[in-house]
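S.K.: Just entry03.csv, nothing more (CSV, C-alpha atoms):
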chain,number,residue,atom,x,y,z
S,1,MET,CA,-55.2,19.0,10.9
S,2,ASN,CA,-55.5,18.8,7.2
S,3,SER,CA,-55.0,22.4,6.1
S,4,GLU,CA,-56.1,21.8,2.5
S,5,LEU,CA,-59.5,20.4,3.7
S,6,THR,CA,-59.7,23.2,6.3
S,7,GLN,CA,-59.4,25.8,3.6
S,8,LYS,CA,-61.8,24.0,1.3
S,9,LEU,CA,-64.6,23.8,3.9
S,10,ILE,CA,-64.1,27.4,5.0
S,11,ASN,CA,-64.4,28.4,1.3
S,12,MET,CA,-67.5,26.4,0.8
S,13,GLU,CA,-69.1,27.9,4.0
S,14,ASN,CA,-68.2,31.4,3.0
S,15,ALA,CA,-69.6,31.0,-0.5
S,16,ALA,CA,-72.9,29.7,0.9
S,17,LEU,CA,-73.0,32.5,3.5
S,18,ASP,CA,-72.4,35.1,0.8
S,19,ARG,CA,-75.6,33.9,-1.0
S,20,TRP,CA,-77.5,33.5,2.3
S,21,ASN,CA,-76.6,37.2,3.2
S,22,ASN,CA,-78.4,38.2,0.0
S,23,GLY,CA,-81.5,36.2,0.6
S,24,ASP,CA,-80.5,33.1,-1.4
S,25,PRO,CA,-80.6,29.8,0.6
S,26,THR,CA,-79.7,27.7,-2.4
S,27,GLY,CA,-76.0,27.8,-1.6
S,28,PHE,CA,-76.5,26.0,1.7
S,29,LEU,CA,-79.0,23.6,0.1
S,30,GLU,CA,-76.5,22.6,-2.6
S,31,ILE,CA,-73.9,21.6,-0.1
S,32,SER,CA,-76.2,19.8,2.3
S,33,ALA,CA,-76.6,16.0,2.2
S,34,ASP,CA,-80.0,14.2,1.9
S,35,ASP,CA,-79.8,13.2,5.5
S,36,VAL,CA,-78.8,16.6,6.9
S,37,THR,CA,-80.0,17.6,10.3
S,38,TYR,CA,-80.4,21.2,11.3
S,39,PHE,CA,-80.8,23.4,14.4
S,40,ASP,CA,-81.0,27.1,14.8
S,41,SER,CA,-82.3,29.3,17.6
S,42,ALA,CA,-85.7,29.7,16.0
S,43,THR,CA,-86.4,26.0,15.4
S,44,GLU,CA,-88.6,24.4,18.0
S,45,GLN,CA,-87.2,21.0,17.2
S,46,ARG,CA,-84.4,19.7,15.0
S,47,VAL,CA,-85.2,19.7,11.3
S,48,ASP,CA,-84.4,16.4,9.6
S,49,GLY,CA,-83.6,15.8,6.0
S,50,ILE,CA,-83.0,17.9,2.9
S,51,LYS,CA,-86.7,18.0,2.1
S,52,ASN,CA,-87.7,19.6,5.4
S,53,LEU,CA,-84.6,21.9,5.4
S,54,THR,CA,-85.5,23.1,1.9
S,55,LYS,CA,-89.0,23.9,3.0
S,56,LEU,CA,-87.7,25.9,6.0
S,57,TYR,CA,-85.1,27.7,3.8
S,58,GLU,CA,-87.6,28.5,1.1
S,59,GLU,CA,-89.8,30.3,3.7
S,60,ARG,CA,-86.8,32.5,4.4
S,61,ARG,CA,-85.8,33.2,0.8
S,62,GLY,CA,-85.6,36.9,0.1
S,63,THR,CA,-86.1,37.8,3.8
S,64,VAL,CA,-82.4,38.0,4.8
S,65,LYS,CA,-80.1,41.0,3.9
S,66,VAL,CA,-76.9,41.0,5.8
S,67,ASP,CA,-74.5,43.8,4.9
S,68,MET,CA,-71.4,42.1,6.0
S,69,ASP,CA,-70.3,39.2,8.2
S,70,GLU,CA,-67.1,38.3,10.0
S,71,MET,CA,-66.2,34.6,10.4
S,72,ILE,CA,-64.0,34.5,13.5
S,73,ASN,CA,-61.4,31.8,14.2
S,74,PRO,CA,-62.7,28.9,12.1
S,75,ILE,CA,-61.3,25.5,13.1
S,76,VAL,CA,-61.7,22.2,11.4
S,77,ASN,CA,-61.4,18.9,13.2
S,78,SER,CA,-61.3,16.1,10.7
S,79,THR,CA,-60.9,12.4,10.0
S,80,SER,CA,-60.7,10.9,6.5
S,81,GLU,CA,-64.4,10.9,5.9
S,82,MET,CA,-65.9,13.4,8.3
S,83,ALA,CA,-65.0,16.9,9.6
S,84,VAL,CA,-66.5,19.5,11.8
S,85,LEU,CA,-66.0,23.2,11.0
S,86,SER,CA,-66.8,25.6,13.9
S,87,PHE,CA,-66.6,29.3,14.2
S,88,ASN,CA,-68.1,32.4,15.7
S,89,LEU,CA,-69.7,34.9,13.3
S,90,ILE,CA,-70.7,38.5,13.6
S,91,SER,CA,-73.3,39.6,11.1
S,92,HIS,CA,-73.8,43.3,10.5
S,93,ILE,CA,-77.1,44.8,9.3
S,94,GLY,CA,-76.9,48.6,9.2
S,95,ASP,CA,-75.4,49.6,12.5
S,96,LYS,CA,-76.7,46.5,14.3
S,97,HIS,CA,-74.7,43.4,14.8
S,98,THR,CA,-75.6,39.9,15.9
S,99,LYS,CA,-73.2,37.3,17.3
S,100,TRP,CA,-73.5,33.6,16.4
S,101,ASN,CA,-72.0,30.3,17.3
S,102,CYS,CA,-71.9,27.8,14.4
S,103,SER,CA,-70.9,24.2,13.9
S,104,GLU,CA,-71.1,22.4,10.6
S,105,VAL,CA,-70.4,18.7,10.3
S,106,TYR,CA,-69.3,17.7,6.8
S,107,ARG,CA,-69.1,14.2,5.4
S,108,LEU,CA,-67.2,12.9,2.4
S,109,GLN,CA,-69.7,11.7,-0.2
S,110,GLN,CA,-69.5,8.8,-2.6
S,111,TYR,CA,-68.3,10.9,-5.5
S,112,GLY,CA,-65.6,12.7,-3.5
S,113,ASP,CA,-67.5,15.9,-2.6
S,114,TRP,CA,-68.1,17.0,0.9
S,115,LYS,CA,-71.6,17.8,2.2
S,116,ILE,CA,-73.1,19.0,5.4
S,117,VAL,CA,-74.8,16.4,7.6
S,118,GLN,CA,-75.3,18.5,10.7
S,119,THR,CA,-75.8,22.3,11.0
S,120,HIS,CA,-76.1,24.1,14.3
S,121,TRP,CA,-76.5,27.9,14.5
S,122,SER,CA,-77.2,29.6,17.8
S,123,LEU,CA,-77.2,33.2,19.2
S,124,VAL,CA,-74.5,34.2,21.6
S,125,ASN,CA,-75.5,35.4,25.1
S,126,THR,CA,-79.0,34.2,25.3
S,127,ARG,CA,-78.9,32.4,28.6
S,128,THR,CA,-82.1,32.9,30.4
S,129,ASN,CA,-81.6,30.8,33.5
I,1,MET,CA,-76.5,3.9,10.4
I,2,ASN,CA,-74.5,1.9,12.9
I,3,SER,CA,-77.0,1.0,15.6
I,4,GLU,CA,-74.5,-0.3,18.0
I,5,LEU,CA,-72.5,2.9,17.9
I,6,THR,CA,-75.7,5.0,18.1
I,7,GLN,CA,-76.6,3.3,21.3
I,8,LYS,CA,-73.1,3.5,22.7
I,9,LEU,CA,-72.9,7.3,22.1
I,10,ILE,CA,-76.4,7.9,23.5
I,11,ASN,CA,-75.5,5.9,26.6
I,12,MET,CA,-72.3,7.9,27.1
I,13,GLU,CA,-74.2,11.2,26.7
I,14,ASN,CA,-76.9,10.2,29.1
I,15,ALA,CA,-74.3,9.0,31.7
I,16,ALA,CA,-72.5,12.4,31.5
I,17,LEU,CA,-75.8,14.3,31.6
I,18,ASP,CA,-76.9,12.4,34.8
I,19,ARG,CA,-73.8,13.6,36.5
I,20,TRP,CA,-74.1,17.1,35.0
I,21,ASN,CA,-77.7,17.4,36.4
I,22,ASN,CA,-76.3,16.8,39.8
I,23,GLY,CA,-73.6,19.5,39.6
I,24,ASP,CA,-70.8,17.2,38.5
I,25,PRO,CA,-69.1,18.2,35.2
I,26,THR,CA,-66.5,15.5,35.4
I,27,GLY,CA,-68.5,13.0,33.3
I,28,PHE,CA,-68.3,15.3,30.3
I,29,LEU,CA,-64.7,16.2,30.9
I,30,GLU,CA,-63.8,12.5,30.9
I,31,ILE,CA,-65.3,11.9,27.5
I,32,SER,CA,-64.0,15.1,25.9
I,33,ALA,CA,-60.8,15.0,23.8
I,34,ASP,CA,-57.8,17.2,24.4
I,35,ASP,CA,-58.7,19.2,21.3
I,36,VAL,CA,-62.4,19.6,22.1
I,37,THR,CA,-64.1,22.8,21.1
I,38,TYR,CA,-67.3,24.0,22.9
I,39,PHE,CA,-70.2,26.4,22.4
I,40,ASP,CA,-73.1,27.2,24.6
I,41,SER,CA,-75.6,30.1,24.7
I,42,ALA,CA,-73.6,31.8,27.5
I,43,THR,CA,-70.1,31.6,26.0
I,44,GLU,CA,-69.1,34.8,24.3
I,45,GLN,CA,-66.7,32.9,22.0
I,46,ARG,CA,-66.0,29.3,21.3
I,47,VAL,CA,-64.0,27.6,24.1
I,48,ASP,CA,-61.0,25.6,22.7
I,49,GLY,CA,-59.2,22.7,24.3
I,50,ILE,CA,-59.8,20.5,27.4
I,51,LYS,CA,-57.8,22.9,29.6
I,52,ASN,CA,-60.1,25.9,28.9
I,53,LEU,CA,-63.2,23.7,29.0
I,54,THR,CA,-62.2,22.3,32.4
I,55,LYS,CA,-61.8,25.8,33.7
I,56,LEU,CA,-65.3,26.7,32.5
I,57,TYR,CA,-66.9,23.6,33.9
I,58,GLU,CA,-65.2,23.8,37.2
I,59,GLU,CA,-66.7,27.3,37.6
I,60,ARG,CA,-70.1,25.6,37.2
I,61,ARG,CA,-69.4,22.7,39.5
I,62,GLY,CA,-72.1,22.4,42.1
I,63,THR,CA,-74.3,25.1,40.5
I,64,VAL,CA,-76.5,22.9,38.4
I,65,LYS,CA,-79.4,20.9,39.8
I,66,VAL,CA,-81.7,19.5,37.2
I,67,ASP,CA,-84.5,17.3,38.5
I,68,MET,CA,-85.1,15.4,35.2
I,69,ASP,CA,-84.3,15.7,31.6
I,70,GLU,CA,-85.8,14.2,28.4
I,71,MET,CA,-83.5,13.5,25.5
I,72,ILE,CA,-85.8,13.8,22.4
I,73,ASN,CA,-85.2,11.9,19.1
I,74,PRO,CA,-81.4,11.4,19.3
I,75,ILE,CA,-79.9,10.7,15.9
I,76,VAL,CA,-76.3,9.6,15.1
I,77,ASN,CA,-74.7,10.2,11.7
I,78,SER,CA,-71.5,8.3,11.6
I,79,THR,CA,-68.5,7.2,9.5
I,80,SER,CA,-65.8,4.8,10.7
I,81,GLU,CA,-63.9,7.4,12.7
I,82,MET,CA,-66.2,10.2,13.5
I,83,ALA,CA,-69.9,10.6,14.4
I,84,VAL,CA,-72.3,13.3,15.2
I,85,LEU,CA,-75.0,12.8,17.8
I,86,SER,CA,-77.8,15.4,17.8
I,87,PHE,CA,-80.9,15.7,19.9
I,88,ASN,CA,-83.4,18.1,21.5
I,89,LEU,CA,-83.5,18.1,25.3
I,90,ILE,CA,-86.0,19.4,27.8
I,91,SER,CA,-84.6,19.9,31.3
I,92,HIS,CA,-86.9,20.2,34.3
I,93,ILE,CA,-86.1,22.2,37.4
I,94,GLY,CA,-89.1,22.3,39.7
I,95,ASP,CA,-92.1,23.3,37.6
I,96,LYS,CA,-89.9,25.2,35.1
I,97,HIS,CA,-88.6,23.6,31.9
I,98,THR,CA,-85.9,24.7,29.4
I,99,LYS,CA,-85.6,23.5,25.8
I,100,TRP,CA,-82.2,22.9,24.3
I,101,ASN,CA,-80.7,22.0,21.0
I,102,CYS,CA,-77.5,19.8,21.2
I,103,SER,CA,-75.0,18.5,18.8
I,104,GLU,CA,-72.0,16.4,19.9
I,105,VAL,CA,-69.3,15.3,17.5
I,106,TYR,CA,-67.4,12.2,18.7
I,107,ARG,CA,-64.1,11.0,17.2
I,108,LEU,CA,-62.6,7.5,17.5
I,109,GLN,CA,-59.4,7.8,19.5
I,110,GLN,CA,-56.2,5.9,19.2
I,111,TYR,CA,-57.1,3.2,21.8
I,112,GLY,CA,-60.6,2.5,20.5
I,113,ASP,CA,-62.6,4.8,22.7
I,114,TRP,CA,-64.8,7.6,21.4
I,115,LYS,CA,-64.4,11.2,22.7
I,116,ILE,CA,-66.2,14.5,22.0
I,117,VAL,CA,-64.3,16.9,19.8
I,118,GLN,CA,-67.1,19.5,19.3
I,119,THR,CA,-70.0,20.3,21.7
I,120,HIS,CA,-72.7,22.8,20.9
I,121,TRP,CA,-75.6,23.5,23.3
I,122,SER,CA,-78.1,26.2,22.5
I,123,LEU,CA,-81.4,27.4,23.9
I,124,VAL,CA,-84.5,27.0,21.7
I,125,ASN,CA,-86.6,29.9,20.7
I,126,THR,CA,-84.2,32.7,21.4
I,127,ARG,CA,-84.3,34.5,18.1
I,128,THR,CA,-84.1,38.3,18.7
I,129,ASN,CA,-84.0,39.6,15.2
Would you write the structure of this file as structure tokens?
M.R.:
Amino acid sequence: MNSELTQKLINMENAALDRWNNGDPTGFLEISADDVTYFDSATEQRVDGIKNLTKLYEERRGTVKVDMDEMINPIVNSTSEMAVLSFNLISHIGDKHTKWNCSEVYRLQQYGDWKIVQTHWSLVNTRTN
Amino acid sequence: MNSELTQKLINMENAALDRWNNGDPTGFLEISADDVTYFDSATEQRVDGIKNLTKLYEERRGTVKVDMDEMINPIVNSTSEMAVLSFNLISHIGDKHTKWNCSEVYRLQQYGDWKIVQTHWSLVNTRTN
């Protein structure tokens, strides 16, 4: 494992989450690549490309207010040009909490920055069958 | 995109799914790396490592019987040593169907084969908040 890259990606993720938790999706949009693909538990089908992801996120702007989140046991599995960060997350809103699974695939871009090419958020314990 | 790699990973995934749909998890175990991490909608926390994933899958051996599945719009985003395959999937059991999101991160191994380092399955339309 590359511990410097691990810390860098965790910091990027946390910075974007801090903005997200206050209703601002721009942090995630800024670190997502043009060809990003996206899943969450509310999307009927995968969302493809930054344009479509921007549209989805703008619909949610101002609607999220998370009081606090806990990123649990983040792990990065990396090669020189691509890395996957995965973690569990507990988000707290008042006295309610929600448990999430998250995987974020980052790719090294042409100018040396890392951007997300695949985001997958899902709710824990939702098996229905 | 590397169309040869894309087809290869889709074929690997479908071959493992065919076995999974008949109660046999070995196909996925054979193409998962030692340091694989795993999420699905029923796991309380991420499952880390092939040993723990084997334990989880062996508990499910023989319990799954999917009549047919449809892999929808698979996309591969790749670099030379890592790639992420993502797709929607509809699995049919009798007249019931279940919709899934799936992302699979594959890494090129030392001997030229590709193995999964991150699996994330989730159910579609399960938002509760």
S.K.: Report, in Å to a single decimal, how far apart atom CA of S:Ser122 and atom CA of I:Ser41 are.
M.R.: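 According to the coordinates, atom CA of I:Ser41 and atom CA of S:Ser122 are separated by 7.1 Å.
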S.K.: Excluding same-chain residues fewer than 5 positions from S:Asn52, what lies within 12 Å of it counting only C-alpha atoms, as a list in words?
M.R.: Leu29, Ser32, Asp34, Asp35, Val36, Thr37, Tyr38, Phe39, Thr43, Gln45, Arg46, Val47, Tyr57, Glu58 and Glu59 of chain S
S.K.: Superposition of chain I onto chain S by least squares over all sequentially paired C-alpha atoms; the transformed chain is requested as a compact mmCIF listing (two decimals) with C-alpha atoms, keeping the file's coordinate frame.
M.R.:
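Ended up saving to selection05.txt:
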# COMPACT_ATOMS: atom_id res chain seq x y z
CA MET I 1 -55.10 18.94 10.92
CA ASN I 2 -55.55 18.78 7.18
CA SER I 3 -54.95 22.33 6.00
CA GLU I 4 -56.12 21.77 2.53
CA LEU I 5 -59.44 20.43 3.70
CA THR I 6 -59.75 23.21 6.31
CA GLN I 7 -59.46 25.77 3.60
CA LYS I 8 -61.79 23.94 1.26
CA LEU I 9 -64.56 23.72 3.93
CA ILE I 10 -64.11 27.37 4.97
CA ASN I 11 -64.34 28.43 1.33
CA MET I 12 -67.53 26.43 0.82
CA GLU I 13 -69.08 27.93 3.99
CA ASN I 14 -68.18 31.44 3.03
CA ALA I 15 -69.56 30.94 -0.55
CA ALA I 16 -72.91 29.70 0.90
CA LEU I 17 -72.97 32.49 3.49
CA ASP I 18 -72.44 35.18 0.75
CA ARG I 19 -75.50 33.93 -0.98
CA TRP I 20 -77.42 33.52 2.30
CA ASN I 21 -76.68 37.22 3.19
CA ASN I 22 -78.36 38.20 0.01
CA GLY I 23 -81.56 36.21 0.62
CA ASP I 24 -80.52 33.15 -1.36
CA PRO I 25 -80.58 29.86 0.62
CA THR I 26 -79.72 27.73 -2.36
CA GLY I 27 -75.95 27.77 -1.67
CA PHE I 28 -76.48 25.93 1.59
CA LEU I 29 -79.05 23.59 0.16
CA GLU I 30 -76.57 22.58 -2.55
CA ILE I 31 -73.92 21.57 -0.07
CA SER I 32 -76.27 19.83 2.37
CA ALA I 33 -76.67 16.03 2.22
CA ASP I 34 -79.97 14.25 1.87
CA ASP I 35 -79.74 13.19 5.51
CA VAL I 36 -78.77 16.60 6.90
CA THR I 37 -80.06 17.56 10.29
CA TYR I 38 -80.38 21.27 11.32
CA PHE I 39 -80.74 23.42 14.43
CA ASP I 40 -81.06 27.11 14.81
CA SER I 41 -82.26 29.36 17.68
CA ALA I 42 -85.72 29.69 16.05
CA THR I 43 -86.44 26.02 15.32
CA GLU I 44 -88.61 24.45 17.96
CA GLN I 45 -87.17 20.99 17.17
CA ARG I 46 -84.36 19.71 15.07
CA VAL I 47 -85.18 19.76 11.32
CA ASP I 48 -84.33 16.39 9.63
CA GLY I 49 -83.58 15.74 5.99
CA ILE I 50 -82.99 17.96 2.89
CA LYS I 51 -86.73 17.98 2.09
CA ASN I 52 -87.73 19.58 5.43
CA LEU I 53 -84.69 21.87 5.38
CA THR I 54 -85.57 23.09 1.88
CA LYS I 55 -89.04 23.88 3.05
CA LEU I 56 -87.66 25.93 5.95
CA TYR I 57 -85.17 27.79 3.83
CA GLU I 58 -87.55 28.54 1.08
CA GLU I 59 -89.78 30.25 3.68
CA ARG I 60 -86.78 32.50 4.39
CA ARG I 61 -85.86 33.15 0.80
CA GLY I 62 -85.60 36.84 0.15
CA THR I 63 -86.01 37.78 3.84
CA VAL I 64 -82.38 38.00 4.80
CA LYS I 65 -80.17 40.96 3.96
CA VAL I 66 -76.90 41.01 5.78
CA ASP I 67 -74.54 43.81 4.83
CA MET I 68 -71.32 42.06 6.03
CA ASP I 69 -70.30 39.21 8.17
CA GLU I 70 -67.04 38.26 9.95
CA MET I 71 -66.21 34.60 10.35
CA ILE I 72 -64.04 34.48 13.55
CA ASN I 73 -61.36 31.80 14.22
CA PRO I 74 -62.74 28.93 12.08
CA ILE I 75 -61.34 25.59 13.15
CA VAL I 76 -61.72 22.20 11.37
CA ASN I 77 -61.37 18.88 13.21
CA SER I 78 -61.27 16.17 10.66
CA THR I 79 -60.80 12.44 9.98
CA SER I 80 -60.67 10.89 6.50
CA GLU I 81 -64.42 10.88 5.99
CA MET I 82 -65.94 13.40 8.25
CA ALA I 83 -65.02 16.87 9.58
CA VAL I 84 -66.41 19.46 11.82
CA LEU I 85 -65.99 23.14 11.05
CA SER I 86 -66.77 25.53 13.92
CA PHE I 87 -66.57 29.28 14.15
CA ASN I 88 -68.05 32.42 15.74
CA LEU I 89 -69.70 34.87 13.34
CA ILE I 90 -70.72 38.48 13.67
CA SER I 91 -73.29 39.61 11.11
CA HIS I 92 -73.85 43.30 10.40
CA ILE I 93 -77.14 44.78 9.30
CA GLY I 94 -76.92 48.55 9.23
CA ASP I 95 -75.43 49.66 12.54
CA LYS I 96 -76.77 46.55 14.35
CA HIS I 97 -74.67 43.41 14.82
CA THR I 98 -75.60 39.84 15.90
CA LYS I 99 -73.19 37.26 17.33
CA TRP I 100 -73.56 33.64 16.40
CA ASN I 101 -72.05 30.34 17.28
CA CYS I 102 -71.84 27.79 14.35
CA SER I 103 -70.87 24.24 13.96
CA GLU I 104 -71.05 22.42 10.61
CA VAL I 105 -70.32 18.73 10.25
CA TYR I 106 -69.29 17.74 6.70
CA ARG I 107 -69.15 14.14 5.44
CA LEU I 108 -67.22 12.87 2.39
CA GLN I 109 -69.77 11.65 -0.13
CA GLN I 110 -69.57 8.82 -2.56
CA TYR I 111 -68.24 10.91 -5.50
CA GLY I 112 -65.56 12.76 -3.54
CA ASP I 113 -67.45 15.88 -2.62
CA TRP I 114 -68.07 17.02 0.94
CA LYS I 115 -71.63 17.82 2.17
CA ILE I 116 -73.08 19.06 5.48
CA VAL I 117 -74.81 16.41 7.54
CA GLN I 118 -75.37 18.50 10.73
CA THR I 119 -75.78 22.31 10.99
CA HIS I 120 -76.17 24.12 14.27
CA TRP I 121 -76.50 27.93 14.46
CA SER I 122 -77.14 29.60 17.77
CA LEU I 123 -77.23 33.14 19.10
CA VAL I 124 -74.57 34.15 21.65
CA ASN I 125 -75.45 35.40 25.04
CA THR I 126 -79.00 34.21 25.26
CA ARG I 127 -78.88 32.38 28.54
CA THR I 128 -82.19 32.91 30.44
CA ASN I 129 -81.68 30.76 33.45
S.K.: At a cut-off of 10 Å, list the chain I residues touching chain S, using all atoms listed in the file, as a ChimeraX atom specification.
M.R.: /I:35-46,48,72-89,98-105,107-108,117-129
S.K.: Those residues with C-alpha atoms, as a PDB file, keeping the file's coordinate frame please?
M.R.:
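Output saved as again-v6.pdb:
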ATOM      1  CA  ASP I  35     -58.700  19.200  21.300  1.00  0.00           C
ATOM      2  CA  VAL I  36     -62.400  19.600  22.100  1.00  0.00           C
ATOM      3  CA  THR I  37     -64.100  22.800  21.100  1.00  0.00           C
ATOM      4  CA  TYR I  38     -67.300  24.000  22.900  1.00  0.00           C
ATOM      5  CA  PHE I  39     -70.200  26.400  22.400  1.00  0.00           C
ATOM      6  CA  ASP I  40     -73.100  27.200  24.600  1.00  0.00           C
ATOM      7  CA  SER I  41     -75.600  30.100  24.700  1.00  0.00           C
ATOM      8  CA  ALA I  42     -73.600  31.800  27.500  1.00  0.00           C
ATOM      9  CA  THR I  43     -70.100  31.600  26.000  1.00  0.00           C
ATOM     10  CA  GLU I  44     -69.100  34.800  24.300  1.00  0.00           C
ATOM     11  CA  GLN I  45     -66.700  32.900  22.000  1.00  0.00           C
ATOM     12  CA  ARG I  46     -66.000  29.300  21.300  1.00  0.00           C
ATOM     13  CA  ASP I  48     -61.000  25.600  22.700  1.00  0.00           C
ATOM     14  CA  ILE I  72     -85.800  13.800  22.400  1.00  0.00           C
ATOM     15  CA  ASN I  73     -85.200  11.900  19.100  1.00  0.00           C
ATOM     16  CA  PRO I  74     -81.400  11.400  19.300  1.00  0.00           C
ATOM     17  CA  ILE I  75     -79.900  10.700  15.900  1.00  0.00           C
ATOM     18  CA  VAL I  76     -76.300   9.600  15.100  1.00  0.00           C
ATOM     19  CA  ASN I  77     -74.700  10.200  11.700  1.00  0.00           C
ATOM     20  CA  SER I  78     -71.500   8.300  11.600  1.00  0.00           C
ATOM     21  CA  THR I  79     -68.500   7.200   9.500  1.00  0.00           C
ATOM     22  CA  SER I  80     -65.800   4.800  10.700  1.00  0.00           C
ATOM     23  CA  GLU I  81     -63.900   7.400  12.700  1.00  0.00           C
ATOM     24  CA  MET I  82     -66.200  10.200  13.500  1.00  0.00           C
ATOM     25  CA  ALA I  83     -69.900  10.600  14.400  1.00  0.00           C
ATOM     26  CA  VAL I  84     -72.300  13.300  15.200  1.00  0.00           C
ATOM     27  CA  LEU I  85     -75.000  12.800  17.800  1.00  0.00           C
ATOM     28  CA  SER I  86     -77.800  15.400  17.800  1.00  0.00           C
ATOM     29  CA  PHE I  87     -80.900  15.700  19.900  1.00  0.00           C
ATOM     30  CA  ASN I  88     -83.400  18.100  21.500  1.00  0.00           C
ATOM     31  CA  LEU I  89     -83.500  18.100  25.300  1.00  0.00           C
ATOM     32  CA  THR I  98     -85.900  24.700  29.400  1.00  0.00           C
ATOM     33  CA  LYS I  99     -85.600  23.500  25.800  1.00  0.00           C
ATOM     34  CA  TRP I 100     -82.200  22.900  24.300  1.00  0.00           C
ATOM     35  CA  ASN I 101     -80.700  22.000  21.000  1.00  0.00           C
ATOM     36  CA  CYS I 102     -77.500  19.800  21.200  1.00  0.00           C
ATOM     37  CA  SER I 103     -75.000  18.500  18.800  1.00  0.00           C
ATOM     38  CA  GLU I 104     -72.000  16.400  19.900  1.00  0.00           C
ATOM     39  CA  VAL I 105     -69.300  15.300  17.500  1.00  0.00           C
ATOM     40  CA  ARG I 107     -64.100  11.000  17.200  1.00  0.00           C
ATOM     41  CA  LEU I 108     -62.600   7.500  17.500  1.00  0.00           C
ATOM     42  CA  VAL I 117     -64.300  16.900  19.800  1.00  0.00           C
ATOM     43  CA  GLN I 118     -67.100  19.500  19.300  1.00  0.00           C
ATOM     44  CA  THR I 119     -70.000  20.300  21.700  1.00  0.00           C
ATOM     45  CA  HIS I 120     -72.700  22.800  20.900  1.00  0.00           C
ATOM     46  CA  TRP I 121     -75.600  23.500  23.300  1.00  0.00           C
ATOM     47  CA  SER I 122     -78.100  26.200  22.500  1.00  0.00           C
ATOM     48  CA  LEU I 123     -81.400  27.400  23.900  1.00  0.00           C
ATOM     49  CA  VAL I 124     -84.500  27.000  21.700  1.00  0.00           C
ATOM     50  CA  ASN I 125     -86.600  29.900  20.700  1.00  0.00           C
ATOM     51  CA  THR I 126     -84.200  32.700  21.400  1.00  0.00           C
ATOM     52  CA  ARG I 127     -84.300  34.500  18.100  1.00  0.00           C
ATOM     53  CA  THR I 128     -84.100  38.300  18.700  1.00  0.00           C
ATOM     54  CA  ASN I 129     -84.000  39.600  15.200  1.00  0.00           C
TER      55      ASN I 129
END
S.K.: Suppose you want the space between atom CA of I:Leu5 and atom CA of I:Gly112; what is it in Å?
M.R.: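 Going from atom CA of I:Leu5 over to atom CA of I:Gly112 covers 12.2 Å.
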